[in-house]
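Peer 1: First the structure, then my questions, so here it is.
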Amino acid sequence: MSFVLYHHPLSSYCWKVSIALYEADADFEARLVNLGDPAERAEYLTLSPFGKIPVLRDETAKRTLLETSLIIEYLAMTVPGAAGLLPAARELAFPIRAKDRFFDLYVNTPIGKIVTDRLRPQGGKDAIGVEAARNDLQTAIDIVEREMADSSAWAAGDTFTMADCAAAPALYYANKIEPFGDTHPNATAYLGRLTGRPSVARVIREAEPFFSMMPA
């Protein structure tokens with residue numbers, strides 16, 4: 001087996017890569033990362049010095065890949081089934097990259113800020129930062145609502161791409177934190193299409209046993 005994915009089932013960024021792997025029907029081994037175990041943490045830091053997940057290891061090529069968008073781009077170059085996630089032609093890839101960055105930076109980043117603050121002890125919370133993150137998240141969902149008002153099924157057109165791999169976990173968790181079902185019908189319909197995609201539904205099923213670990 002060539003690919004090893006180091007991941008955690010609750011991580012939105014791990015979802016993004018897992019969705020891409022399932023879309024490509026790629027053969028890979030999934031290894032759960034436990035940073036709370038000192039020995040496992042020390043070993044993992046040799047792969048990911050900042051301790052971030054996921055990491056994709058290509059054992060055949062002896063390559064360690066960090067950062068989700070680069071991982072998916074690598075899959076698009078090396079796995080035939082992943083080629084459609086990011087076309088080689090620049091003019092086709094550009095809007096996909098743009099939407100991918102939007103969902104990572106303007107939906108996932110605020111979510112991370114909000115969730116991380118819930119884990120902080122009393123006296124260490126950042127109410128101002130959380131409020132700013134909530135405002136950013138609301139702005140981002142408003143943008144999704146406007147942009148999904150056309151007839152396109154997916155984030156960058158009529159084809160499921162890397163942008164949708166990024167959108168699925170971002171919007172899923174956004175809807176848990178700041179529910180938008182009653183106010184944003186286009187974004188809600190898009191989320192429904194995403195969660196109905198077999199690759200996305202599979203990732204959600206795999207995460208379900210861990211949902212109790214999410215901070216309230």
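Every chain in the structure tokens takes a letter, A first, then B, and so on in the order presented; its residues are numbered from 1, and the ligands are numbered from 1 following the presented order.
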For the contact check between stretch 80-119 of chain A and stretch 17-23 of chain A, emit one row per residue of stretch 80-119 of chain A within 9 Å, containing the shortest atom pair and the distance in Å rounded to one decimal, counting only C-alpha atoms, chain then rising number order, as JSON lines.
Peer 2:
```
{"residue": "A:Gly81", "atom": "CA", "partner": "A:Glu23", "partner_atom": "CA", "distance": 7.3}
{"residue": "A:Ala82", "atom": "CA", "partner": "A:Glu23", "partner_atom": "CA", "distance": 6.9}
{"residue": "A:Leu85", "atom": "CA", "partner": "A:Ala20", "partner_atom": "CA", "distance": 7.6}
```
Peer 1: Using only C-alpha atoms, which residues sit within 12 Å of A:Lys62 once same-chain residues fewer than 6 positions away are excluded, as a PyMOL selection string?
Peer 2: chain A and resi 2-4+47+56
Peer 1: Those residues with N, CA and C atoms, as a compact mmCIF listing (two decimals), in the first residue's frame please?
Peer 2:
```txt
# COMPACT_ATOMS: atom_id res chain seq x y z
N SER A 2 0.65 2.15 -0.93
CA SER A 2 1.52 3.30 -1.09
C SER A 2 1.18 4.43 -0.13
N PHE A 3 -0.11 4.77 0.02
CA PHE A 3 -0.50 5.94 0.79
C PHE A 3 -0.86 5.59 2.23
N VAL A 4 -0.37 6.41 3.15
CA VAL A 4 -0.76 6.33 4.55
C VAL A 4 -1.28 7.71 4.95
N LEU A 47 7.19 13.60 11.32
CA LEU A 47 6.50 13.78 10.04
C LEU A 47 5.95 15.19 9.89
N LEU A 56 -0.19 13.10 4.60
CA LEU A 56 -0.24 11.97 3.68
C LEU A 56 1.17 11.54 3.36
```
Peer 1: Taking into account only C-alpha atoms, which residue in the set A:Ala174, A:Ala127, A:Met148, A:Cys165 is nearest to A:Tyr13?
Peer 2: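 Nearest to A:Tyr13: A:Cys165.
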Peer 1: For A:Leu10, please output as JSON, numbers by chain all residues within 8 Å (counting only C-alpha atoms; exclusion window: fewer than 2 positions along the same chain).
Peer 2: {"A": [8, 12, 14, 15, 207, 210, 211, 214]}
Peer 1: Would you mind exporting C-alpha atoms of the selected residues as a PDB file, in the first residue's frame?
Peer 2:
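Below is the file part.pdb, written as the result:
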```
ATOM      1  CA  HIS A   8      -8.292  12.228  13.253  1.00  0.00           C
ATOM      2  CA  SER A  12     -12.396  19.116   9.202  1.00  0.00           C
ATOM      3  CA  CYS A  14      -8.779  15.460   7.618  1.00  0.00           C
ATOM      4  CA  TRP A  15     -12.301  15.155   6.238  1.00  0.00           C
ATOM      5  CA  ALA A 207     -16.712  10.489  12.544  1.00  0.00           C
ATOM      6  CA  PHE A 210     -16.228  10.542  18.017  1.00  0.00           C
ATOM      7  CA  PHE A 211     -18.829  13.331  17.992  1.00  0.00           C
ATOM      8  CA  MET A 214     -16.679  17.757  20.415  1.00  0.00           C
TER       9      MET A 214
END
```
Peer 1: Let me make sure I understand: among A:Phe94, A:Phe102, A:Phe160, A:Tyr6, which one has the smallest atom-to-atom distance to A:Leu66 if we use only C-alpha atoms?
Peer 2: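 Of the candidates, the smallest distance to A:Leu66 is held by A:Tyr6.
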Peer 1: Given the choices A:Arg118, A:Arg193, A:Arg101, A:Arg205, which gets closest to A:Glu67 if the distance is worked out from only C-alpha atoms?
Peer 2: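 For A:Glu67, the nearest of the candidates is A:Arg101.
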Peer 1: Mind checking which residues fall within 10 Å of A:Tyr190, counting only C-alpha atoms, ignoring those fewer than 5 positions away in the same chain, and posting them as a PDB file with C-alpha atoms, in the first residue's frame?
Peer 2:
```pdb
ATOM      1  CA  VAL A 144     -22.040  31.080  -0.172  1.00  0.00           C
ATOM      2  CA  GLU A 145     -25.749  31.868  -0.218  1.00  0.00           C
ATOM      3  CA  MET A 148     -25.010  29.155  -4.886  1.00  0.00           C
ATOM      4  CA  ALA A 149     -28.082  30.997  -6.185  1.00  0.00           C
ATOM      5  CA  SER A 152     -24.445  25.110 -10.526  1.00  0.00           C
ATOM      6  CA  ALA A 153     -24.543  21.936  -8.477  1.00  0.00           C
ATOM      7  CA  TRP A 154     -21.087  22.318  -6.979  1.00  0.00           C
ATOM      8  CA  ALA A 155     -18.795  25.063  -5.714  1.00  0.00           C
ATOM      9  CA  ASP A 164     -16.209  20.762  -2.716  1.00  0.00           C
ATOM     10  CA  ALA A 167     -16.639  22.971   1.409  1.00  0.00           C
ATOM     11  CA  ALA A 168     -18.161  19.790   2.822  1.00  0.00           C
ATOM     12  CA  LEU A 171     -20.197  23.942   5.913  1.00  0.00           C
ATOM     13  CA  PRO A 185     -31.779  28.169   1.562  1.00  0.00           C
ATOM     14  CA  THR A 195     -23.741  15.350   2.597  1.00  0.00           C
ATOM     15  CA  GLY A 196     -25.584  13.193   0.064  1.00  0.00           C
TER      16      GLY A 196
END
```
Peer 1: Can you tell me, as a PyMOL selection string, what residues are no more than 12 Å from A:Leu65 when counting only C-alpha atoms, ignoring any on the same chain fewer than 5 positions away?
Peer 2: chain A and resi 3-6+17+47-48+52-59+70-75
